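Just final-v5.cif here, mmCIF, C-alpha atoms:
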```cif
data_final
#
loop_
_atom_site.label_atom_id
_atom_site.label_comp_id
_atom_site.auth_asym_id
_atom_site.auth_seq_id
_atom_site.Cartn_x
_atom_site.Cartn_y
_atom_site.Cartn_z
CA MET A 1 -5.24 15.78 16.44
CA ASP A 2 -4.66 19.08 14.63
CA GLU A 3 -7.24 18.62 11.90
CA HIS A 4 -7.14 22.16 10.50
CA GLY A 5 -3.46 22.88 11.13
CA PHE A 6 -4.04 25.43 13.90
CA GLU A 7 -1.26 24.01 16.05
CA THR A 8 1.21 24.09 13.17
CA ARG A 9 0.27 27.63 12.20
CA LEU A 10 0.53 28.80 15.79
CA ARG A 11 3.96 27.21 16.18
CA HIS A 12 5.06 28.93 12.97
CA LEU A 13 3.83 32.31 14.21
CA GLU A 14 5.59 31.76 17.54
CA HIS A 15 8.78 30.88 15.73
CA VAL A 16 8.56 33.92 13.42
CA LEU A 17 7.78 36.28 16.27
CA ALA A 18 10.13 34.84 18.87
CA GLY A 19 12.91 33.89 16.47
CA ARG A 20 15.90 32.36 18.17
CA ALA A 21 15.47 34.50 21.28
CA ASN A 22 12.52 32.41 22.47
CA SER A 23 10.98 35.36 24.27
CA ILE A 24 7.62 33.59 24.02
CA PRO A 25 7.41 30.42 26.07
CA ARG A 26 6.33 27.61 23.75
CA ASN A 27 4.46 25.36 26.08
CA THR A 28 2.34 23.17 23.83
CA LYS A 29 0.40 21.90 26.85
CA THR A 30 -1.40 25.23 27.30
CA THR A 31 -4.57 25.84 25.34
CA LEU A 32 -4.55 27.38 21.89
CA LEU A 33 -6.48 30.41 23.13
CA LYS A 34 -3.88 31.21 25.80
CA ARG A 35 -1.07 30.80 23.31
CA ILE A 36 -2.88 33.07 20.81
CA ASP A 37 -3.46 35.63 23.55
CA GLY A 38 0.26 35.55 24.37
CA LEU A 39 1.06 36.05 20.69
CA LYS A 40 -1.32 39.05 20.53
CA LYS A 41 0.43 40.65 23.51
CA GLU A 42 3.83 40.07 21.97
CA LEU A 43 2.66 41.49 18.61
CA ASN A 44 1.31 44.58 20.37
CA ASN A 45 4.65 45.03 22.13
CA VAL A 46 6.50 44.74 18.83
CA TYR A 47 4.07 47.20 17.20
CA ARG A 48 4.40 49.76 19.99
CA SER A 49 8.20 49.64 19.93
CA ASN A 50 8.65 49.70 16.14
CA LYS A 51 8.48 53.06 14.35
CA LEU A 52 8.60 51.43 10.91
CA MET A 53 5.42 49.50 11.71
CA HIS A 54 3.66 52.74 12.71
CA ASP A 55 4.73 54.36 9.43
CA PHE A 56 3.48 51.38 7.44
CA VAL A 57 0.08 51.39 9.16
CA ASP A 58 -0.23 55.15 8.65
CA LYS A 59 0.44 54.74 4.93
CA TYR A 60 -1.72 51.62 4.60
CA GLU A 61 -4.92 52.87 6.24
CA PRO A 62 -5.84 55.48 3.58
CA HIS A 63 -5.44 52.84 0.83
CA ALA A 64 -6.84 49.86 2.72
CA LYS A 65 -10.08 49.91 0.78
CA VAL A 66 -8.25 49.52 -2.53
CA LEU A 67 -5.73 46.97 -1.22
CA ASP A 68 -8.22 44.75 0.64
CA PRO A 69 -9.14 41.77 -1.58
CA THR A 70 -12.32 41.13 0.40
CA ASP A 71 -13.86 44.37 -0.86
CA SER A 72 -15.91 43.98 -3.99
CA SER A 73 -14.01 45.07 -7.07
CA LEU A 74 -17.35 46.03 -8.59
CA ALA A 75 -18.00 48.50 -5.79
CA LEU A 76 -14.49 49.92 -6.23
CA GLU A 77 -15.02 50.29 -9.96
CA ARG A 78 -18.29 52.12 -9.36
CA GLU A 79 -16.51 54.56 -7.08
CA LEU A 80 -13.28 55.01 -9.03
CA LEU A 81 -14.37 54.95 -12.69
CA THR A 82 -16.35 57.64 -14.41
CA THR A 83 -19.24 56.82 -16.73
CA ASP A 84 -17.19 57.77 -19.79
CA THR A 85 -14.36 55.46 -18.75
CA LYS A 86 -16.80 52.60 -18.22
CA LEU A 87 -18.29 53.22 -21.68
CA GLU A 88 -14.81 53.20 -23.25
CA LEU A 89 -14.00 49.89 -21.53
CA ILE A 90 -17.21 48.30 -22.78
CA LEU A 91 -16.66 49.54 -26.35
CA ALA A 92 -13.04 48.34 -26.29
CA ALA A 93 -14.17 44.88 -25.19
CA TYR A 94 -17.05 44.73 -27.70
CA ASP A 95 -15.23 42.44 -30.16
CA ASP A 96 -14.19 40.08 -27.37
CA MET A 97 -17.76 39.96 -26.07
CA GLU A 98 -19.09 39.20 -29.59
CA ARG A 99 -16.54 36.41 -29.98
CA PHE A 100 -17.44 35.03 -26.57
CA ALA A 101 -21.15 35.13 -27.42
CA SER A 102 -20.57 33.18 -30.65
CA GLN A 103 -18.50 30.60 -28.76
CA VAL A 104 -21.30 30.21 -26.21
CA LYS A 105 -23.78 29.65 -29.07
CA GLN A 106 -21.46 27.06 -30.59
CA VAL A 107 -21.13 25.26 -27.26
CA LYS A 108 -24.90 25.35 -26.84
CA SER A 109 -25.40 23.86 -30.31
CA LEU A 110 -22.97 21.03 -29.50
CA GLU A 111 -24.55 20.24 -26.15
CA HIS A 112 -26.44 17.26 -27.64
CA VAL A 113 -23.08 15.61 -28.41
CA VAL A 114 -22.09 15.54 -24.77
CA SER A 115 -25.49 14.53 -23.46
CA GLY A 116 -25.98 11.67 -25.93
CA SER A 117 -27.42 8.31 -24.98
CA GLU A 118 -24.04 6.68 -25.69
CA TYR A 119 -22.67 8.24 -22.54
CA ASP A 120 -25.50 6.84 -20.44
CA ALA A 121 -24.19 3.35 -21.17
CA LEU A 122 -20.76 4.14 -19.71
CA ASP A 123 -21.71 2.85 -16.27
CA THR A 124 -22.80 -0.53 -17.61
CA LEU A 125 -19.85 -0.74 -19.97
CA GLY A 126 -17.47 0.04 -17.13
CA ALA A 127 -18.61 -3.07 -15.28
CA GLU A 128 -18.11 -5.13 -18.45
CA LEU A 129 -14.64 -3.69 -19.00
CA ARG A 130 -13.30 -4.57 -15.53
CA PRO A 131 -12.75 -8.28 -16.37
CA LEU A 132 -11.13 -7.25 -19.65
CA GLU A 133 -8.87 -4.87 -17.77
CA ALA A 134 -7.74 -7.72 -15.49
CA LYS A 135 -7.20 -9.96 -18.53
CA HIS A 136 -5.21 -7.17 -20.20
CA MET A 137 -2.96 -6.85 -17.16
CA GLU A 138 -2.40 -10.62 -17.16
CA GLN A 139 -1.59 -10.57 -20.87
CA THR A 140 0.80 -7.67 -20.34
CA LYS A 141 2.68 -9.69 -17.71
CA GLN A 142 2.76 -12.68 -20.06
CA LEU A 143 4.07 -10.46 -22.85
CA GLU A 144 6.85 -9.21 -20.58
CA GLN A 145 7.81 -12.80 -19.69
CA ILE A 146 7.76 -13.91 -23.33
CA THR A 147 9.79 -10.87 -24.38
CA LEU A 148 12.35 -11.70 -21.70
CA GLN A 149 12.49 -15.34 -22.86
CA VAL A 150 12.89 -14.30 -26.51
CA SER A 151 15.67 -11.85 -25.65
CA GLN A 152 17.45 -14.55 -23.61
CA ALA A 153 17.05 -17.01 -26.51
CA MET A 154 18.47 -14.39 -28.91
CA GLU A 155 21.42 -13.80 -26.60
CA ASN A 156 22.04 -17.55 -26.38
CA TYR A 157 21.74 -17.84 -30.18
CA ASN A 158 24.18 -14.95 -30.69
CA GLY A 159 26.61 -16.56 -28.24
CA ILE A 160 26.43 -19.90 -30.07
CA ILE A 161 26.87 -18.23 -33.48
CA ASN A 162 29.86 -16.23 -32.20
CA THR A 163 31.43 -19.39 -30.77
CA LEU A 164 30.82 -21.31 -34.01
CA SER A 165 32.28 -18.43 -36.03
CA GLU A 166 35.40 -18.44 -33.87
CA ILE A 167 35.69 -22.24 -34.25
CA PHE A 168 35.22 -21.92 -38.03
CA ILE A 169 37.90 -19.20 -38.24
CA ALA A 170 40.27 -21.33 -36.15
CA TRP A 171 39.66 -24.41 -38.34
CA ASP A 172 40.09 -22.27 -41.47
CA ASP A 173 43.43 -21.03 -40.14
CA ILE A 174 44.49 -24.62 -39.35
CA LEU A 175 43.43 -25.84 -42.81
CA ASN A 176 45.16 -22.89 -44.54
CA THR A 177 48.34 -23.58 -42.55
CA MET A 178 48.18 -27.31 -43.35
CA GLU A 179 47.49 -26.55 -47.03
CA ALA A 180 50.45 -24.17 -47.11
CA HIS A 181 52.68 -26.88 -45.56
CA VAL A 182 51.42 -29.51 -47.99
CA SER A 183 51.99 -27.14 -50.94
CA ALA A 184 55.47 -26.39 -49.70
CA ILE A 185 56.26 -30.09 -49.31
CA GLU A 186 54.87 -30.87 -52.82
CA ARG A 187 56.94 -28.05 -54.33
CA GLN A 188 59.96 -29.42 -52.54
CA ARG A 189 59.36 -32.91 -53.93
CA GLN A 190 58.85 -31.59 -57.46
CA SER A 191 62.00 -29.55 -57.32
CA GLN A 192 64.00 -32.62 -56.27
#
```
With the file now loaded, output its structure as structure tokens.
Amino acid sequence: MDEHGFETRLRHLEHVLAGRANSIPRNTKTTLLKRIDGLKKELNNVYRSNKLMHDFVDKYEPHAKVLDPTDSSLALERELLTTDTKLELILAAYDDMERFASQVKQVKSLEHVVSGSEYDALDTLGAELRPLEAKHMEQTKQLEQITLQVSQAMENYNGIINTLSEIFIAWDDILNTMEAHVSAIERQRQSQ
């Protein structure tokens, strides 16, 4: 098992270095140390044969101290900044430091709010809330079922109302037609 990802990283390096040419044999049965040693040899070969790499290293070495993140920035500042520059930086940041100090005082004054006795009871209240949480989940499921039933009942109701409306309109048309025929017949009889 590759717990720390060494195998994956090594395969990636082999792929980057070898590319599609597969100049490095990728036998995963050999030990990691042998594979790393093979990668070192291949990297040295690439370095020796590449003028651009030599130029980069020549330009990098004089500035390595500034570019290396492992070096302490405080030590770099001590070396690179003059006393006057440091004083100017401190004076320029004076307002920010004052504001930060007042915020720290405010946080310190509010510390009693966070460390109140009410928060000590959270552990016991958590145990009491677990059954309520389960009950809430059950009620949520019931609510979903009832909502579904109500929406189905509303759809059924709307369907029935629409059907009744259509029947009423049809009967109204029939009655209007019959009334028109009866009126026509009565007018005919009166005119005779």
Report task. Provide the atom CA of Arg48 of chain A to atom CA of Leu17 of chain A distance in Å, to one decimal place. Result ->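 Separation of atom CA of Arg48 of chain A and atom CA of Leu17 of chain A: 14.4 Å.
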Query - For atom CA of Lys141 of chain A and atom CA of Tyr157 of chain A, the interatomic separation in Å (one decimal) - result: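 Pair atom CA of Lys141 of chain A / atom CA of Tyr157 of chain A returns 24.2 Å.
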**Report entry** Atom-to-atom span, atom CA of Leu164 of chain A and atom CA of Gln152 of chain A, Å
**Finding:**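 Going from atom CA of Leu164 of chain A over to atom CA of Gln152 of chain A, I get 18.2 Å.
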Each side padded by 3 Å, which centre and which edge lengths in Å (one decimal) define the axis-aligned box around the listed atoms of segment 174-180 of chain A? Give them as AutoDock Vina command-line options.
```
--center_x 46.9 --center_y -25.1 --center_z -43.2 --size_x 13.0 --size_y 10.4 --size_z 13.8
```
Report task. Please provide the set of residues having any atom within 9 Å of Leu10 of chain A, restricted to only C-alpha atoms, with same-chain residues fewer than 3 positions apart removed, written as a PyMOL selection string. Result -> chain A and resi 5-7+13-15+32+35-36+39
Output file for the residues above (C-alpha atoms, as a short mmCIF file (atom, residue, chain, number, x, y, z; two decimals), in the coordinates of the input):
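Writing the result to selection.cif gives the following:
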```
data_model
loop_
_atom_site.label_atom_id
_atom_site.label_comp_id
_atom_site.auth_asym_id
_atom_site.auth_seq_id
_atom_site.Cartn_x
_atom_site.Cartn_y
_atom_site.Cartn_z
CA GLY A 5 -3.46 22.88 11.13
CA PHE A 6 -4.04 25.43 13.90
CA GLU A 7 -1.26 24.01 16.05
CA LEU A 13 3.83 32.31 14.21
CA GLU A 14 5.59 31.76 17.54
CA HIS A 15 8.78 30.88 15.73
CA LEU A 32 -4.55 27.38 21.89
CA ARG A 35 -1.07 30.80 23.31
CA ILE A 36 -2.88 33.07 20.81
CA LEU A 39 1.06 36.05 20.69
#
```
From the structure block, carefully write segment 33-64 of chain A out with N, CA and C atoms; format it as a PDB file, in the first residue's frame.
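That gives us decode-v8.pdb:
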```
ATOM      1  N   LEU A  33      13.953   2.763  -3.945  1.00  0.00           N
ATOM      2  CA  LEU A  33      15.291   3.352  -3.919  1.00  0.00           C
ATOM      3  C   LEU A  33      16.011   3.172  -5.247  1.00  0.00           C
ATOM      4  N   LYS A  34      15.883   1.990  -5.860  1.00  0.00           N
ATOM      5  CA  LYS A  34      16.529   1.757  -7.154  1.00  0.00           C
ATOM      6  C   LYS A  34      15.899   2.615  -8.234  1.00  0.00           C
ATOM      7  N   ARG A  35      14.595   2.751  -8.179  1.00  0.00           N
ATOM      8  CA  ARG A  35      13.904   3.582  -9.166  1.00  0.00           C
ATOM      9  C   ARG A  35      14.300   5.044  -8.996  1.00  0.00           C
ATOM     10  N   ILE A  36      14.420   5.510  -7.743  1.00  0.00           N
ATOM     11  CA  ILE A  36      14.838   6.890  -7.483  1.00  0.00           C
ATOM     12  C   ILE A  36      16.267   7.100  -7.955  1.00  0.00           C
ATOM     13  N   ASP A  37      17.131   6.115  -7.714  1.00  0.00           N
ATOM     14  CA  ASP A  37      18.512   6.211  -8.170  1.00  0.00           C
ATOM     15  C   ASP A  37      18.559   6.315  -9.692  1.00  0.00           C
ATOM     16  N   GLY A  38      17.749   5.533 -10.375  1.00  0.00           N
ATOM     17  CA  GLY A  38      17.677   5.598 -11.834  1.00  0.00           C
ATOM     18  C   GLY A  38      17.200   6.968 -12.303  1.00  0.00           C
ATOM     19  N   LEU A  39      16.226   7.532 -11.579  1.00  0.00           N
ATOM     20  CA  LEU A  39      15.742   8.871 -11.919  1.00  0.00           C
ATOM     21  C   LEU A  39      16.834   9.916 -11.730  1.00  0.00           C
ATOM     22  N   LYS A  40      17.630   9.777 -10.641  1.00  0.00           N
ATOM     23  CA  LYS A  40      18.728  10.726 -10.390  1.00  0.00           C
ATOM     24  C   LYS A  40      19.731  10.688 -11.537  1.00  0.00           C
ATOM     25  N   LYS A  41      20.068   9.475 -11.978  1.00  0.00           N
ATOM     26  CA  LYS A  41      21.030   9.341 -13.080  1.00  0.00           C
ATOM     27  C   LYS A  41      20.482   9.985 -14.344  1.00  0.00           C
ATOM     28  N   GLU A  42      19.223   9.737 -14.623  1.00  0.00           N
ATOM     29  CA  GLU A  42      18.608  10.310 -15.817  1.00  0.00           C
ATOM     30  C   GLU A  42      18.551  11.832 -15.725  1.00  0.00           C
ATOM     31  N   LEU A  43      18.220  12.370 -14.533  1.00  0.00           N
ATOM     32  CA  LEU A  43      18.206  13.826 -14.345  1.00  0.00           C
ATOM     33  C   LEU A  43      19.591  14.424 -14.534  1.00  0.00           C
ATOM     34  N   ASN A  44      20.615  13.755 -14.016  1.00  0.00           N
ATOM     35  CA  ASN A  44      21.988  14.231 -14.218  1.00  0.00           C
ATOM     36  C   ASN A  44      22.357  14.237 -15.691  1.00  0.00           C
ATOM     37  N   ASN A  45      21.937  13.205 -16.421  1.00  0.00           N
ATOM     38  CA  ASN A  45      22.208  13.167 -17.864  1.00  0.00           C
ATOM     39  C   ASN A  45      21.524  14.330 -18.578  1.00  0.00           C
ATOM     40  N   VAL A  46      20.277  14.589 -18.217  1.00  0.00           N
ATOM     41  CA  VAL A  46      19.542  15.692 -18.827  1.00  0.00           C
ATOM     42  C   VAL A  46      20.219  17.012 -18.481  1.00  0.00           C
ATOM     43  N   TYR A  47      20.651  17.165 -17.231  1.00  0.00           N
ATOM     44  CA  TYR A  47      21.300  18.404 -16.793  1.00  0.00           C
ATOM     45  C   TYR A  47      22.612  18.639 -17.547  1.00  0.00           C
ATOM     46  N   ARG A  48      23.401  17.579 -17.667  1.00  0.00           N
ATOM     47  CA  ARG A  48      24.698  17.707 -18.346  1.00  0.00           C
ATOM     48  C   ARG A  48      24.530  18.083 -19.814  1.00  0.00           C
ATOM     49  N   SER A  49      23.486  17.565 -20.465  1.00  0.00           N
ATOM     50  CA  SER A  49      23.330  17.777 -21.898  1.00  0.00           C
ATOM     51  C   SER A  49      22.497  19.017 -22.244  1.00  0.00           C
ATOM     52  N   ASN A  50      22.013  19.746 -21.250  1.00  0.00           N
ATOM     53  CA  ASN A  50      21.112  20.861 -21.516  1.00  0.00           C
ATOM     54  C   ASN A  50      21.758  22.185 -21.098  1.00  0.00           C
ATOM     55  N   LYS A  51      22.083  23.012 -22.071  1.00  0.00           N
ATOM     56  CA  LYS A  51      22.732  24.295 -21.806  1.00  0.00           C
ATOM     57  C   LYS A  51      21.782  25.250 -21.085  1.00  0.00           C
ATOM     58  N   LEU A  52      20.506  25.213 -21.415  1.00  0.00           N
ATOM     59  CA  LEU A  52      19.531  26.083 -20.767  1.00  0.00           C
ATOM     60  C   LEU A  52      19.460  25.811 -19.263  1.00  0.00           C
ATOM     61  N   MET A  53      19.562  24.557 -18.883  1.00  0.00           N
ATOM     62  CA  MET A  53      19.551  24.205 -17.458  1.00  0.00           C
ATOM     63  C   MET A  53      20.771  24.795 -16.754  1.00  0.00           C
ATOM     64  N   HIS A  54      21.938  24.716 -17.411  1.00  0.00           N
ATOM     65  CA  HIS A  54      23.156  25.295 -16.822  1.00  0.00           C
ATOM     66  C   HIS A  54      22.985  26.800 -16.636  1.00  0.00           C
ATOM     67  N   ASP A  55      22.423  27.485 -17.639  1.00  0.00           N
ATOM     68  CA  ASP A  55      22.212  28.927 -17.536  1.00  0.00           C
ATOM     69  C   ASP A  55      21.265  29.257 -16.384  1.00  0.00           C
ATOM     70  N   PHE A  56      20.197  28.469 -16.265  1.00  0.00           N
ATOM     71  CA  PHE A  56      19.241  28.706 -15.180  1.00  0.00           C
ATOM     72  C   PHE A  56      19.910  28.559 -13.819  1.00  0.00           C
ATOM     73  N   VAL A  57      20.667  27.489 -13.630  1.00  0.00           N
ATOM     74  CA  VAL A  57      21.326  27.252 -12.345  1.00  0.00           C
ATOM     75  C   VAL A  57      22.330  28.360 -12.055  1.00  0.00           C
ATOM     76  N   ASP A  58      23.046  28.807 -13.075  1.00  0.00           N
ATOM     77  CA  ASP A  58      24.011  29.897 -12.881  1.00  0.00           C
ATOM     78  C   ASP A  58      23.313  31.181 -12.438  1.00  0.00           C
ATOM     79  N   LYS A  59      22.136  31.446 -12.985  1.00  0.00           N
ATOM     80  CA  LYS A  59      21.399  32.654 -12.606  1.00  0.00           C
ATOM     81  C   LYS A  59      20.677  32.489 -11.272  1.00  0.00           C
ATOM     82  N   TYR A  60      20.312  31.251 -10.938  1.00  0.00           N
ATOM     83  CA  TYR A  60      19.546  30.999  -9.717  1.00  0.00           C
ATOM     84  C   TYR A  60      20.427  31.055  -8.474  1.00  0.00           C
ATOM     85  N   GLU A  61      21.614  30.489  -8.548  1.00  0.00           N
ATOM     86  CA  GLU A  61      22.470  30.349  -7.363  1.00  0.00           C
ATOM     87  C   GLU A  61      22.753  31.665  -6.639  1.00  0.00           C
ATOM     88  N   PRO A  62      23.036  32.767  -7.318  1.00  0.00           N
ATOM     89  CA  PRO A  62      23.280  34.015  -6.571  1.00  0.00           C
ATOM     90  C   PRO A  62      22.038  34.516  -5.814  1.00  0.00           C
ATOM     91  N   HIS A  63      20.849  34.164  -6.297  1.00  0.00           N
ATOM     92  CA  HIS A  63      19.603  34.656  -5.693  1.00  0.00           C
ATOM     93  C   HIS A  63      18.879  33.574  -4.891  1.00  0.00           C
ATOM     94  N   ALA A  64      19.499  32.450  -4.705  1.00  0.00           N
ATOM     95  CA  ALA A  64      18.847  31.323  -4.038  1.00  0.00           C
ATOM     96  C   ALA A  64      18.409  31.682  -2.629  1.00  0.00           C
TER      97      ALA A  64
END
```
